[in-house]
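As provided, coords-v9.cif (mmCIF, C-alpha atoms and all ligand atoms) reads as follows.
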```cif
data_work
loop_
_atom_site.label_atom_id
_atom_site.label_comp_id
_atom_site.auth_asym_id
_atom_site.auth_seq_id
_atom_site.Cartn_x
_atom_site.Cartn_y
_atom_site.Cartn_z
CA MET S 4 28.25 85.33 5.44
CA SER S 5 31.17 85.46 3.05
CA HIS S 6 32.66 83.11 0.46
CA ASP S 7 30.68 79.85 0.58
CA THR S 8 32.77 77.04 -0.77
CA MET S 9 31.45 74.90 -3.61
CA LEU S 10 31.17 72.05 -1.16
CA GLN S 11 29.01 74.13 1.18
CA ARG S 12 26.71 75.14 -1.69
CA ALA S 13 26.38 71.54 -2.84
CA LEU S 14 25.58 70.42 0.70
CA THR S 15 22.92 73.11 1.08
CA ARG S 16 21.23 71.84 -2.09
CA LEU S 17 21.43 68.28 -0.83
CA VAL S 18 19.82 69.27 2.48
CA ASP S 19 17.00 71.12 0.66
CA ALA S 20 16.36 68.10 -1.56
CA GLY S 21 16.53 65.76 1.44
CA LYS S 22 13.72 67.63 3.16
CA HIS S 23 11.33 66.36 0.45
CA LEU S 24 12.30 62.75 1.12
CA ASN S 25 12.00 60.44 4.06
CA ILE S 26 15.64 60.83 5.14
CA ASP S 27 16.85 60.33 8.70
CA PRO S 28 16.81 63.89 10.19
CA THR S 29 20.14 63.31 11.98
CA ILE S 30 21.82 62.77 8.60
CA LEU S 31 20.27 65.97 7.29
CA GLU S 32 21.41 67.82 10.41
CA LYS S 33 24.96 66.62 9.79
CA TRP S 34 24.92 67.82 6.17
CA GLU S 35 23.38 71.09 7.24
CA PHE S 36 26.12 71.57 9.80
CA GLN S 37 28.82 70.99 7.20
CA ALA S 38 27.11 73.43 4.86
CA MET S 39 27.41 76.17 7.46
CA ALA S 40 30.04 78.87 7.36
CA THR S 41 33.53 77.73 8.26
CA LEU S 42 35.05 78.38 11.65
CA PHE S 43 37.21 81.10 10.13
CA ASP S 44 34.12 82.83 8.65
CA ASN S 45 32.46 82.72 12.07
CA THR S 46 35.50 84.10 13.86
CA LEU S 47 35.99 86.89 11.36
CA GLU S 48 32.30 87.73 11.55
CA ARG S 49 32.70 88.47 15.27
CA LEU S 50 35.59 90.80 14.61
CA ILE S 51 33.72 92.57 11.83
CA GLU S 52 30.67 92.94 14.07
CA ALA S 53 32.85 94.50 16.78
CA ALA S 54 34.44 96.83 14.21
CA GLU S 55 30.98 98.23 13.48
CA HIS S 56 31.03 99.76 16.97
CA LEU S 57 34.18 101.70 16.16
CA ASP S 58 35.11 104.32 13.65
CA LEU S 59 37.92 102.23 12.22
CA ASP S 60 40.31 103.01 9.44
CA PRO S 61 39.21 100.43 6.83
CA GLY S 62 42.86 99.49 6.28
CA VAL S 63 43.09 98.10 9.82
CA LEU S 64 40.23 95.68 9.29
CA GLU S 65 41.58 94.77 5.87
CA ASN S 66 44.82 93.76 7.60
CA LEU S 67 42.99 91.59 10.09
CA LYS S 68 40.95 89.79 7.44
CA ASN S 69 44.03 87.94 6.25
CA ALA S 70 46.64 85.85 8.03
CA LEU S 71 50.19 87.17 8.04
CA GLU S 72 51.76 83.79 7.34
CA MET S 73 50.36 80.30 6.82
CA THR S 74 52.77 77.37 6.54
CA GLN S 75 51.81 73.83 5.71
CA ALA S 76 54.06 70.77 5.80
CA ARG S 77 53.87 67.04 5.30
CA LEU S 78 55.39 65.17 8.21
CA THR S 79 56.59 61.64 7.54
CA ILE S 80 57.47 59.52 10.54
CA ARG S 81 58.60 55.95 11.10
CA MET S 82 55.95 53.90 12.92
CA ASP S 83 56.85 51.30 15.54
CA ASP S 84 56.12 48.46 13.10
CA GLY S 85 58.74 49.78 10.64
CA SER S 86 56.28 51.32 8.17
CA THR S 87 56.12 55.05 7.46
CA LYS S 88 53.12 57.34 7.75
CA CYS S 89 52.40 60.91 6.59
CA PHE S 90 50.53 63.59 8.54
CA MET S 91 49.54 67.07 7.39
CA ALA S 92 50.75 69.84 9.69
CA PHE S 93 50.10 73.59 9.85
CA ARG S 94 51.30 76.73 11.57
CA CYS S 95 49.51 80.03 11.11
CA ARG S 96 50.99 83.30 12.40
CA TYR S 97 47.92 85.47 12.13
CA ASP S 98 49.10 88.91 13.24
CA ASP S 99 52.26 90.17 14.96
CA SER S 100 51.38 93.84 15.45
CA LEU S 101 51.43 93.52 19.24
CA GLY S 102 54.50 91.28 19.53
CA PRO S 103 55.84 87.84 18.62
CA THR S 104 52.98 85.51 17.76
CA LYS S 105 51.69 83.08 20.38
CA GLY S 106 49.40 80.07 20.35
CA GLY S 107 49.12 76.34 20.88
CA ILE S 108 49.69 73.29 18.70
CA ARG S 109 46.75 70.93 18.38
CA PHE S 110 46.88 67.20 17.55
CA HIS S 111 43.39 66.23 16.38
CA PRO S 112 41.82 64.39 13.43
CA HIS S 113 39.74 67.46 12.46
CA VAL S 114 42.70 69.83 12.11
CA ASP S 115 42.80 71.65 8.77
CA ALA S 116 44.02 74.98 7.41
CA ASP S 117 40.69 76.75 8.07
CA GLU S 118 40.53 75.66 11.70
CA VAL S 119 44.15 76.59 12.40
CA MET S 120 43.67 80.00 10.81
CA ALA S 121 40.46 80.64 12.78
CA LEU S 122 42.11 79.65 16.05
CA ALA S 123 45.10 81.87 15.23
CA LEU S 124 42.75 84.81 14.72
CA MET S 125 41.13 84.02 18.09
CA MET S 126 44.60 84.01 19.69
CA THR S 127 45.26 87.44 18.16
CA SER S 128 42.11 88.80 19.83
CA LYS S 129 42.78 86.91 23.07
CA CYS S 130 46.30 88.29 23.53
CA ALA S 131 45.02 91.77 22.68
CA VAL S 132 42.12 91.63 25.15
CA MET S 133 44.56 90.58 27.90
CA ALA S 134 47.03 93.33 26.92
CA LEU S 135 49.81 90.75 26.47
CA PRO S 136 52.80 91.75 24.31
CA PHE S 137 51.97 89.00 21.83
CA GLY S 138 50.30 88.55 18.47
CA GLY S 139 48.26 85.44 17.65
CA ALA S 140 49.19 82.09 16.10
CA LYS S 141 48.10 78.47 16.07
CA GLY S 142 49.44 75.16 14.83
CA GLY S 143 48.13 71.70 14.37
CA VAL S 144 48.63 68.20 13.04
CA LYS S 145 45.80 66.20 11.51
CA VAL S 146 46.16 63.09 13.64
CA ASP S 147 44.41 61.21 16.41
CA PRO S 148 47.20 61.08 19.02
CA ARG S 149 45.42 58.17 20.73
CA ASP S 150 46.24 56.03 17.69
CA LEU S 151 49.98 56.57 18.22
CA SER S 152 52.36 54.98 20.70
CA ASN S 153 54.37 57.21 23.01
CA MET S 154 57.45 56.86 20.76
CA GLU S 155 55.44 57.63 17.63
CA ARG S 156 54.08 60.77 19.33
CA GLU S 157 57.63 61.79 20.16
CA ARG S 158 58.76 61.30 16.53
CA LEU S 159 55.77 63.31 15.31
CA SER S 160 56.42 66.16 17.76
CA ARG S 161 60.08 66.34 16.77
CA ALA S 162 59.17 66.16 13.06
CA TYR S 163 56.80 69.09 13.58
CA ILE S 164 59.61 71.22 14.98
CA ARG S 165 62.02 70.23 12.20
CA ALA S 166 59.40 71.34 9.66
CA PHE S 167 58.56 74.62 11.39
CA ALA S 168 61.86 75.58 13.08
CA HIS S 169 62.27 78.44 10.60
CA VAL S 170 58.83 79.82 11.53
CA ILE S 171 59.01 79.68 15.33
CA GLY S 172 61.48 81.27 17.76
CA PRO S 173 61.50 83.02 21.17
CA ASP S 174 61.16 86.44 19.49
CA ARG S 175 59.08 85.33 16.52
CA ASP S 176 56.46 82.71 17.30
CA ILE S 177 56.05 80.80 20.56
CA PRO S 178 53.94 77.61 20.56
CA ALA S 179 52.21 76.01 23.56
CA PRO S 180 49.90 73.05 24.28
CA ASP S 181 46.37 72.81 22.90
CA VAL S 182 43.85 69.98 22.36
CA GLY S 183 45.70 66.64 22.13
CA THR S 184 49.12 67.94 23.24
CA ASN S 185 50.58 68.36 26.73
CA GLU S 186 53.72 69.24 28.67
CA LYS S 187 55.49 66.11 27.42
CA THR S 188 54.86 67.19 23.81
CA MET S 189 56.28 70.63 24.68
CA ALA S 190 59.39 69.03 26.24
CA TRP S 191 60.14 67.02 23.06
CA MET S 192 59.55 70.09 20.93
CA MET S 193 61.78 72.35 23.04
CA ASP S 194 64.52 69.72 22.98
CA GLU S 195 64.34 69.36 19.19
CA TYR S 196 64.42 73.13 18.69
CA SER S 197 67.41 73.47 21.07
CA THR S 198 69.28 70.82 19.06
CA ILE S 199 68.57 72.66 15.79
CA VAL S 200 69.73 76.07 17.04
CA GLY S 201 72.64 74.60 18.99
CA LYS S 202 71.74 76.07 22.38
CA ARG S 203 69.10 75.65 25.03
CA ALA S 204 66.08 77.72 24.06
CA PRO S 205 63.39 77.28 26.73
CA ALA S 206 61.59 80.52 25.74
CA VAL S 207 60.70 79.06 22.31
CA ILE S 208 57.75 77.15 23.76
CA THR S 209 55.54 77.39 26.85
CA GLY S 210 53.57 74.82 28.82
CA LYS S 211 56.77 72.83 29.45
CA PRO S 212 57.28 70.58 32.48
CA VAL S 213 58.44 72.66 35.46
CA ALA S 214 61.78 70.78 35.52
CA LEU S 215 62.52 72.06 32.00
CA GLY S 216 61.63 75.69 32.63
CA GLY S 217 57.85 75.45 32.75
CA SER S 218 56.00 77.81 35.09
CA LEU S 219 54.32 76.73 38.28
CA GLY S 220 50.59 77.22 37.84
CA ARG S 221 50.53 76.71 34.04
CA ASP S 222 48.72 73.35 34.36
CA ASP S 223 45.42 74.71 35.70
CA ALA S 224 45.80 78.29 34.38
CA THR S 225 43.05 78.11 31.73
CA ALA S 226 40.43 76.97 34.25
CA ARG S 227 41.77 79.22 37.02
CA GLY S 228 41.50 82.34 34.86
CA ALA S 229 37.80 81.69 34.22
CA TYR S 230 37.30 80.76 37.87
CA TYR S 231 38.79 84.08 39.06
CA ILE S 232 36.38 85.97 36.80
CA MET S 233 33.39 83.93 38.00
CA GLN S 234 34.27 84.52 41.64
CA ASN S 235 34.91 88.21 41.09
CA LYS S 236 31.66 88.68 39.19
CA ALA S 237 29.56 86.17 41.18
CA HIS S 238 27.32 88.89 42.54
CA THR S 239 26.72 90.56 39.14
CA LEU S 240 26.14 87.13 37.58
CA GLY S 241 23.68 86.18 40.33
CA LEU S 242 25.73 83.09 41.18
CA GLU S 243 24.81 81.61 44.51
CA ARG S 244 26.72 79.14 46.64
CA ARG S 245 25.90 75.59 45.57
CA ALA S 246 25.05 76.78 42.03
CA ARG S 247 24.79 73.73 39.77
CA VAL S 248 27.42 73.31 37.05
CA ALA S 249 27.49 71.05 33.96
CA ILE S 250 30.86 70.55 32.25
CA GLN S 251 31.02 69.63 28.58
CA GLY S 252 34.49 68.22 27.93
CA PHE S 253 36.22 66.68 30.93
CA GLY S 254 39.78 67.15 29.65
CA ASN S 255 42.58 69.18 31.22
CA ALA S 256 40.65 72.47 31.45
CA GLY S 257 37.32 70.83 32.34
CA MET S 258 38.79 68.70 35.13
CA HIS S 259 40.65 71.61 36.71
CA MET S 260 37.53 73.75 36.49
CA ALA S 261 35.50 71.03 38.24
CA GLN S 262 38.04 70.89 41.07
CA LEU S 263 38.21 74.66 41.55
CA LEU S 264 34.44 75.12 41.45
CA ASP S 265 33.78 72.16 43.74
CA ALA S 266 36.26 73.53 46.30
CA ALA S 267 34.47 76.90 46.14
CA GLY S 268 31.12 75.28 46.97
CA TYR S 269 29.57 74.85 43.51
CA LYS S 270 27.84 71.57 42.73
CA ILE S 271 29.06 69.64 39.65
CA VAL S 272 25.92 67.90 38.33
CA ALA S 273 26.98 66.69 34.86
CA ALA S 274 30.15 65.97 32.91
CA SER S 275 30.95 64.59 29.48
CA ASP S 276 33.91 63.43 27.42
CA SER S 277 34.31 61.81 24.00
CA LYS S 278 32.85 58.53 25.30
CA GLY S 279 29.60 59.93 26.75
CA ALA S 280 28.06 61.88 29.62
CA VAL S 281 26.90 61.33 33.20
CA HIS S 282 24.32 63.23 35.24
CA ALA S 283 24.05 63.41 39.03
CA PRO S 284 21.25 65.87 39.93
CA ALA S 285 22.34 65.95 43.59
CA GLY S 286 25.99 66.57 42.67
CA PHE S 287 29.02 64.32 42.11
CA ASP S 288 31.64 63.36 44.64
CA ILE S 289 34.42 65.17 42.80
CA GLY S 290 37.12 62.72 43.90
CA GLU S 291 35.13 59.82 42.44
CA LEU S 292 34.44 61.69 39.21
CA LEU S 293 38.14 62.50 38.70
CA ALA S 294 39.09 58.90 39.51
CA ALA S 295 36.56 57.63 36.93
CA LYS S 296 38.07 59.92 34.31
CA ARG S 297 41.60 58.80 35.14
CA CYS S 298 40.43 55.23 34.53
CA GLY S 299 39.36 56.22 30.99
CA SER S 300 36.07 58.12 31.00
CA VAL S 301 33.49 59.91 33.13
CA ILE S 302 31.02 57.23 32.06
CA ASN S 303 32.73 54.85 34.50
CA MET S 304 30.58 56.72 37.05
CA ALA S 305 27.36 55.41 35.52
CA GLY S 306 25.62 53.01 37.86
CA SER S 307 26.93 54.68 41.06
CA ALA S 308 24.20 55.85 43.45
CA GLY S 309 22.39 58.92 42.12
CA VAL S 310 24.28 58.90 38.79
CA SER S 311 22.78 58.14 35.40
CA GLU S 312 24.34 57.98 31.95
CA ILE S 313 22.88 60.42 29.41
CA PRO S 314 23.63 60.84 25.67
CA GLY S 315 26.71 63.05 25.25
CA ASP S 316 24.85 65.54 23.07
CA LYS S 317 22.21 66.06 25.80
CA LEU S 318 24.67 67.46 28.32
CA VAL S 319 24.12 71.07 27.21
CA ALA S 320 20.41 70.73 28.05
CA VAL S 321 20.91 69.56 31.64
CA ASP S 322 19.11 71.54 34.35
CA CYS S 323 21.82 73.76 35.91
CA GLU S 324 22.87 77.36 36.48
CA VAL S 325 26.30 77.26 34.80
CA LEU S 326 27.28 75.45 31.62
CA VAL S 327 31.03 75.15 31.14
CA MET S 328 31.99 74.43 27.52
CA ALA S 329 35.45 72.88 27.66
CA ALA S 330 35.64 70.64 24.57
CA LEU S 331 35.84 71.79 20.96
CA GLU S 332 34.33 74.44 18.70
CA ASN S 333 30.73 74.62 17.37
CA MET S 334 29.25 72.51 20.18
CA VAL S 335 26.36 74.91 20.85
CA HIS S 336 24.64 75.61 17.54
CA LYS S 337 21.22 76.67 16.33
CA GLY S 338 19.96 73.08 16.68
CA ASN S 339 20.54 72.84 20.45
CA ALA S 340 20.90 76.43 21.76
CA GLY S 341 17.18 76.63 22.55
CA SER S 342 17.41 73.61 24.87
CA ILE S 343 19.95 75.25 27.22
CA LYS S 344 18.68 75.84 30.78
CA ALA S 345 21.79 77.45 32.28
CA GLY S 346 21.80 81.23 32.71
CA LEU S 347 25.58 81.44 32.27
CA ILE S 348 27.83 79.77 29.69
CA VAL S 349 31.57 79.77 30.36
CA GLU S 350 33.62 79.20 27.19
CA LEU S 351 36.74 77.36 28.32
CA ALA S 352 37.16 75.95 24.81
CA ASN S 353 37.82 78.14 21.77
CA GLY S 354 34.72 78.87 19.68
CA PRO S 355 32.25 76.47 21.35
CA VAL S 356 29.20 78.62 20.47
CA THR S 357 28.34 79.49 16.85
CA PRO S 358 27.24 83.04 15.92
CA GLU S 359 23.73 81.73 15.16
CA ALA S 360 23.52 80.20 18.64
CA ASP S 361 24.79 83.52 20.07
CA GLU S 362 21.67 85.24 18.69
CA ILE S 363 19.32 82.62 20.14
CA LEU S 364 21.03 82.75 23.55
CA LYS S 365 20.97 86.54 23.60
CA ALA S 366 17.20 86.44 23.11
CA MET S 367 17.02 83.95 25.99
CA ASN S 368 19.07 86.32 28.21
CA VAL S 369 21.82 83.74 28.68
CA VAL S 370 25.11 85.42 29.62
CA ILE S 371 28.18 84.11 27.80
CA LEU S 372 31.63 84.54 29.28
CA PRO S 373 33.40 84.65 25.90
CA ASP S 374 36.37 82.42 25.03
CA ILE S 375 38.87 85.18 24.26
CA LEU S 376 38.48 86.38 27.86
CA ALA S 377 37.25 83.28 29.72
CA ASN S 378 40.06 80.93 28.64
CA ALA S 379 42.82 83.54 28.44
CA GLY S 380 44.34 82.39 31.75
CA GLY S 381 46.30 79.75 29.80
CA VAL S 382 48.10 82.15 27.51
CA THR S 383 48.53 84.65 30.35
CA VAL S 384 50.52 82.14 32.42
CA SER S 385 52.31 81.14 29.19
CA TYR S 386 53.40 84.76 29.03
CA PHE S 387 54.63 84.52 32.66
CA GLU S 388 56.58 81.39 31.68
CA TRP S 389 58.19 83.15 28.72
CA VAL S 390 59.18 86.10 30.96
CA GLN S 391 60.70 83.73 33.56
CA ASN S 392 62.65 81.86 30.85
CA ARG S 393 64.04 85.06 29.42
CA GLU S 394 65.05 86.36 32.84
CA GLY S 395 66.33 83.02 34.10
CA ASP S 396 63.90 83.40 37.00
CA ARG S 397 61.46 81.13 38.84
CA TRP S 398 58.28 82.60 40.29
CA THR S 399 56.49 81.06 43.26
CA LEU S 400 53.02 79.61 42.77
CA ASP S 401 51.56 82.38 44.93
CA HIS S 402 53.16 85.00 42.71
CA VAL S 403 51.77 83.36 39.54
CA HIS S 404 48.30 83.12 41.06
CA SER S 405 48.23 86.66 42.30
CA ARG S 406 49.42 88.10 38.96
CA LEU S 407 46.93 85.95 37.07
CA LYS S 408 44.09 87.03 39.36
CA THR S 409 44.97 90.70 38.96
CA ALA S 410 45.18 90.40 35.16
CA MET S 411 41.92 88.44 34.78
CA GLU S 412 39.94 90.73 37.08
CA LYS S 413 41.30 93.88 35.46
CA GLU S 414 40.51 92.89 31.86
CA ALA S 415 37.17 91.31 32.82
CA GLU S 416 36.18 94.57 34.52
CA ALA S 417 37.06 96.53 31.38
CA VAL S 418 34.96 94.16 29.24
CA TRP S 419 32.04 94.34 31.66
CA ALA S 420 32.12 98.12 31.87
CA TYR S 421 32.25 98.49 28.08
CA ALA S 422 29.41 96.01 27.57
CA ARG S 423 27.27 97.83 30.16
CA ASP S 424 27.98 101.29 28.71
CA LYS S 425 27.24 100.30 25.13
CA ASN S 426 24.53 97.76 25.94
CA ILE S 427 26.29 95.02 23.97
CA THR S 428 27.21 91.43 24.80
CA LEU S 429 30.39 90.58 26.70
CA ARG S 430 31.66 88.90 23.53
CA THR S 431 31.25 91.96 21.36
CA ALA S 432 32.75 94.15 24.10
CA ALA S 433 35.78 91.84 24.37
CA TYR S 434 36.32 91.98 20.61
CA VAL S 435 35.93 95.77 20.55
CA LEU S 436 38.55 96.19 23.30
CA ALA S 437 40.86 93.76 21.50
CA LEU S 438 40.41 95.72 18.29
CA LEU S 439 41.13 99.02 20.02
CA ARG S 440 44.49 97.68 21.18
CA LEU S 441 45.26 96.26 17.74
CA VAL S 442 44.29 99.49 16.01
CA HIS S 443 46.86 101.46 17.97
CA ALA S 444 49.53 98.99 16.91
CA ILE S 445 48.52 98.63 13.28
CA TYR S 446 47.54 102.16 12.38
N1 LIG X 501 46.21 76.73 23.48
C1 LIG X 501 45.89 77.68 24.51
C2 LIG X 501 44.87 78.68 24.00
O1 LIG X 501 44.13 78.40 23.08
C3 LIG X 501 47.11 78.32 25.11
C4 LIG X 501 47.96 79.10 24.18
C5 LIG X 501 49.27 79.55 24.80
O2 LIG X 501 49.49 79.32 25.98
O3 LIG X 501 50.07 80.12 24.06
O4 LIG X 501 44.71 79.74 24.54
#
```

Could you write out this file's structure as structure tokens?
Amino acid sequence: MSHDTMLQRALTRLVDAGKHLNIDPTILEKWEFQAMATLFDNTLERLIEAAEHLDLDPGVLENLKNALEMTQARLTIRMDDGSTKCFMAFRCRYDDSLGPTKGGIRFHPHVDADEVMALALMMTSKCAVMALPFGGAKGGVKVDPRDLSNMERERLSRAYIRAFAHVIGPDRDIPAPDVGTNEKTMAWMMDEYSTIVGKRAPAVITGKPVALGGSLGRDDATARGAYYIMQNKAHTLGLERRARVAIQGFGNAGMHMAQLLDAAGYKIVAASDSKGAVHAPAGFDIGELLAAKRCGSVINMAGSAGVSEIPGDKLVAVDCEVLVMAALENMVHKGNAGSIKAGLIVELANGPVTPEADEILKAMNVVILPDILANAGGVTVSYFEWVQNREGDRWTLDHVHSRLKTAMEKEAEAVWAYARDKNITLRTAAYVLALLRLVHAIY
């Protein structure tokens, strides 16, 4: 693993020393986790591993080891009480060989330059694996949006666009929602950008409300893309009707996935969010679970017949056939990978499984539907939205669904076939196919 930071080295020493003392193991585990490679290291490692399967011009990989453009800004906004507050904000355009760069904007307290860069690299691979005419980007603000009022969120969203208006643009870099942002955020951002450029510019951002040029079907596209692959590959994956599913992260993607899978006959047996987790071995009533979430958290289900509350970090170990990871990165790591009982992991989040956990899960014969393919339905429908905006067109929901289904099944089939031929994991195959497309553009 490359360039350890001084902080990581210091933490490793602290963990080693701590092992000789009577220190709470959970504290040690936390230090150990922080001493691990950064998310960017992990993401790059996957690309480098895939490159080993190809006879690549070294210049191509050299290009992909570094971001094209990384911009950082300090956003100062007026709070409702009259005070001012500063927030650090980022936008990384990782690579534009395949087209204008594309990727969401995240509002989360853990956002930093490394994370944004890693996620931008993932977007580069994701757009390439889906054969979209886009490069990869990502943005973020280090903030807990739940601490802000609606008006403060609006001021922050508009401040973000004022700071990055020179970076983004319908032909240059097109943001979208990500963790902590939604269609309302996109509406404010599009409006601010339109004011700056002096004309309506809906194609500058995707994931907008339908009334402002958003696409039908964008709201559940991330979950639906993964769902189409699961249904198409159900036989190969050995998925039977009533297969049991646990969902880590009951946010936008997780909730839509639960609804789609429940309607298709799967049984949702566990769900978690930032407040905790609930387990119903006989399966949840999906309507009740969604209602509990809308009232604040899935843990509102605890105490209902057949439902028990479990620690949030135990959700991955629940007895089930499918584990859907729909929260944040690094949730399955070497400390908990061995406890997983599911035979299939669906990565609806970006980077939920660390490379070390990948190795453990491979030895356990757990199949992983990798993020850059599994959650690519979101950016694929974002692409449809961008096309509609540029053409001044409106597609029907049926048209969006059928194009999404065709695209997901086609690229999934290519990944599957490559993995089978070369006897490699679906993740490595997805990265190899992404690289092959990038190579043709870069070389
Ligand atoms: N944030 C989403 C992702 O990580 C969507 C990006 C987009 O639609 O541009 O794929």

Starting from 4 Å padding per side, set up an axis-aligned box that covers all listed atoms of ligand LIG 501 (chain X) and hand over centre and edge lengths in Å, one decimal, as AutoDock Vina command-line options.
```
--center_x 47.1 --center_y 78.4 --center_z 24.5 --size_x 13.9 --size_y 11.4 --size_z 10.9
```

Item to complete: Using only C-alpha atoms, determine which residues lie at most 10 Å from segment 195-211 of chain S, disregarding the query and same-chain residues fewer than 4 positions distant; provide the list as a ChimeraX atom specification.
Response: /S:105-107,160-165,167-169,171-181,184-191,215-222,381-382,384-395

Practice prompt. Would you mind reading off the distance between atom CA of His259 of chain S and atom CA of Lys317 of chain S, one decimal, in Å?
Written response: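 Straight-line distance from atom CA of His259 of chain S to atom CA of Lys317 of chain S works out to 22.1 Å.
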
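Considering all atoms listed in the file, the residue among S:Met133, S:Ala283, S:Met154, S:Asp44 positioned nearest to Met120 of chain S is S:Asp44.
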
Worksheet entry | Straight-line distance linking atom CA of Ala121 of chain S with atom CA of Glu155 of chain S, stated in Å to one decimal |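 Taking atom CA of Ala121 of chain S and atom CA of Glu155 of chain S, their separation equals 27.9 Å.
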
Considering all atoms listed in the file, return as a PDB file with C-alpha atoms, keeping the file's coordinate frame whatever protein or nucleic-acid residues lie within 9 Å of segment 45-54 of chain S, sequence-local ones (same chain, fewer than 4 positions apart) excluded.
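And here's around.pdb as it stands now:
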```pdb
ATOM      1  CA  MET S   4      28.250  85.330   5.440  1.00  0.00           C
ATOM      2  CA  SER S   5      31.170  85.460   3.050  1.00  0.00           C
ATOM      3  CA  ALA S  40      30.040  78.870   7.360  1.00  0.00           C
ATOM      4  CA  THR S  41      33.530  77.730   8.260  1.00  0.00           C
ATOM      5  CA  ASP S  58      35.110 104.320  13.650  1.00  0.00           C
ATOM      6  CA  LEU S  59      37.920 102.230  12.220  1.00  0.00           C
ATOM      7  CA  LEU S  64      40.230  95.680   9.290  1.00  0.00           C
ATOM      8  CA  LEU S  67      42.990  91.590  10.090  1.00  0.00           C
ATOM      9  CA  LYS S  68      40.950  89.790   7.440  1.00  0.00           C
ATOM     10  CA  ALA S 121      40.460  80.640  12.780  1.00  0.00           C
ATOM     11  CA  LEU S 122      42.110  79.650  16.050  1.00  0.00           C
ATOM     12  CA  LEU S 124      42.750  84.810  14.720  1.00  0.00           C
ATOM     13  CA  MET S 125      41.130  84.020  18.090  1.00  0.00           C
ATOM     14  CA  SER S 128      42.110  88.800  19.830  1.00  0.00           C
ATOM     15  CA  GLY S 354      34.720  78.870  19.680  1.00  0.00           C
ATOM     16  CA  THR S 357      28.340  79.490  16.850  1.00  0.00           C
ATOM     17  CA  PRO S 358      27.240  83.040  15.920  1.00  0.00           C
ATOM     18  CA  ARG S 430      31.660  88.900  23.530  1.00  0.00           C
ATOM     19  CA  THR S 431      31.250  91.960  21.360  1.00  0.00           C
ATOM     20  CA  ALA S 432      32.750  94.150  24.100  1.00  0.00           C
ATOM     21  CA  ALA S 433      35.780  91.840  24.370  1.00  0.00           C
ATOM     22  CA  TYR S 434      36.320  91.980  20.610  1.00  0.00           C
ATOM     23  CA  VAL S 435      35.930  95.770  20.550  1.00  0.00           C
ATOM     24  CA  LEU S 436      38.550  96.190  23.300  1.00  0.00           C
ATOM     25  CA  LEU S 438      40.410  95.720  18.290  1.00  0.00           C
TER      26      LEU S 438
END
```

Worksheet entry | Point-to-point distance from atom CA of Met91 of chain S to atom CA of Arg158 of chain S, Å rounded to tenths | 14.2 Å

Fill in: Test item: residues at most 9 Å from Tyr269 of chain S, only C-alpha atoms, excluding those fewer than 4 positions along its chain, as a VMD selection string
chain S and resid 243 to 248 261 263 to 265

Worksheet entry | 12 Å contact set for Ala366 of chain S, all atoms listed in the file, chain neighbours under 3 positions out, as an MDAnalysis selection string | chainID S and resid 340:341 346 359:363 369:370 428

Item to complete: Check the smallest atom-to-atom distance from each of S:Leu376, S:Ile348, S:Met192, S:Ala267 to Glu412 of chain S using all atoms listed in the file, then report the winner.
Response: S:Leu376

Could I see segment 100-109 of chain S restored to N, CA and C atoms, set down as a PDB file, keeping the file's coordinate frame?
```pdb
ATOM      1  N   SER S 100      51.302  92.407  15.151  1.00  0.00           N
ATOM      2  CA  SER S 100      51.380  93.840  15.450  1.00  0.00           C
ATOM      3  C   SER S 100      51.705  94.114  16.918  1.00  0.00           C
ATOM      4  N   LEU S 101      51.232  93.247  17.813  1.00  0.00           N
ATOM      5  CA  LEU S 101      51.430  93.520  19.240  1.00  0.00           C
ATOM      6  C   LEU S 101      52.651  92.816  19.823  1.00  0.00           C
ATOM      7  N   GLY S 102      53.316  91.987  19.023  1.00  0.00           N
ATOM      8  CA  GLY S 102      54.500  91.280  19.530  1.00  0.00           C
ATOM      9  C   GLY S 102      54.676  89.969  18.807  1.00  0.00           C
ATOM     10  N   PRO S 103      55.675  89.161  19.237  1.00  0.00           N
ATOM     11  CA  PRO S 103      55.840  87.840  18.620  1.00  0.00           C
ATOM     12  C   PRO S 103      54.540  87.053  18.731  1.00  0.00           C
ATOM     13  N   THR S 104      54.271  86.208  17.769  1.00  0.00           N
ATOM     14  CA  THR S 104      52.980  85.510  17.760  1.00  0.00           C
ATOM     15  C   THR S 104      52.994  84.361  18.774  1.00  0.00           C
ATOM     16  N   LYS S 105      51.803  84.047  19.283  1.00  0.00           N
ATOM     17  CA  LYS S 105      51.690  83.080  20.380  1.00  0.00           C
ATOM     18  C   LYS S 105      50.452  82.228  20.182  1.00  0.00           C
ATOM     19  N   GLY S 106      50.574  80.944  20.427  1.00  0.00           N
ATOM     20  CA  GLY S 106      49.400  80.070  20.350  1.00  0.00           C
ATOM     21  C   GLY S 106      49.783  78.609  20.310  1.00  0.00           C
ATOM     22  N   GLY S 107      48.860  77.769  20.692  1.00  0.00           N
ATOM     23  CA  GLY S 107      49.120  76.340  20.880  1.00  0.00           C
ATOM     24  C   GLY S 107      49.288  75.539  19.606  1.00  0.00           C
ATOM     25  N   ILE S 108      49.630  74.272  19.800  1.00  0.00           N
ATOM     26  CA  ILE S 108      49.690  73.290  18.700  1.00  0.00           C
ATOM     27  C   ILE S 108      48.706  72.178  19.062  1.00  0.00           C
ATOM     28  N   ARG S 109      47.815  71.891  18.148  1.00  0.00           N
ATOM     29  CA  ARG S 109      46.750  70.930  18.380  1.00  0.00           C
ATOM     30  C   ARG S 109      47.021  69.634  17.606  1.00  0.00           C
TER      31      ARG S 109
END
```
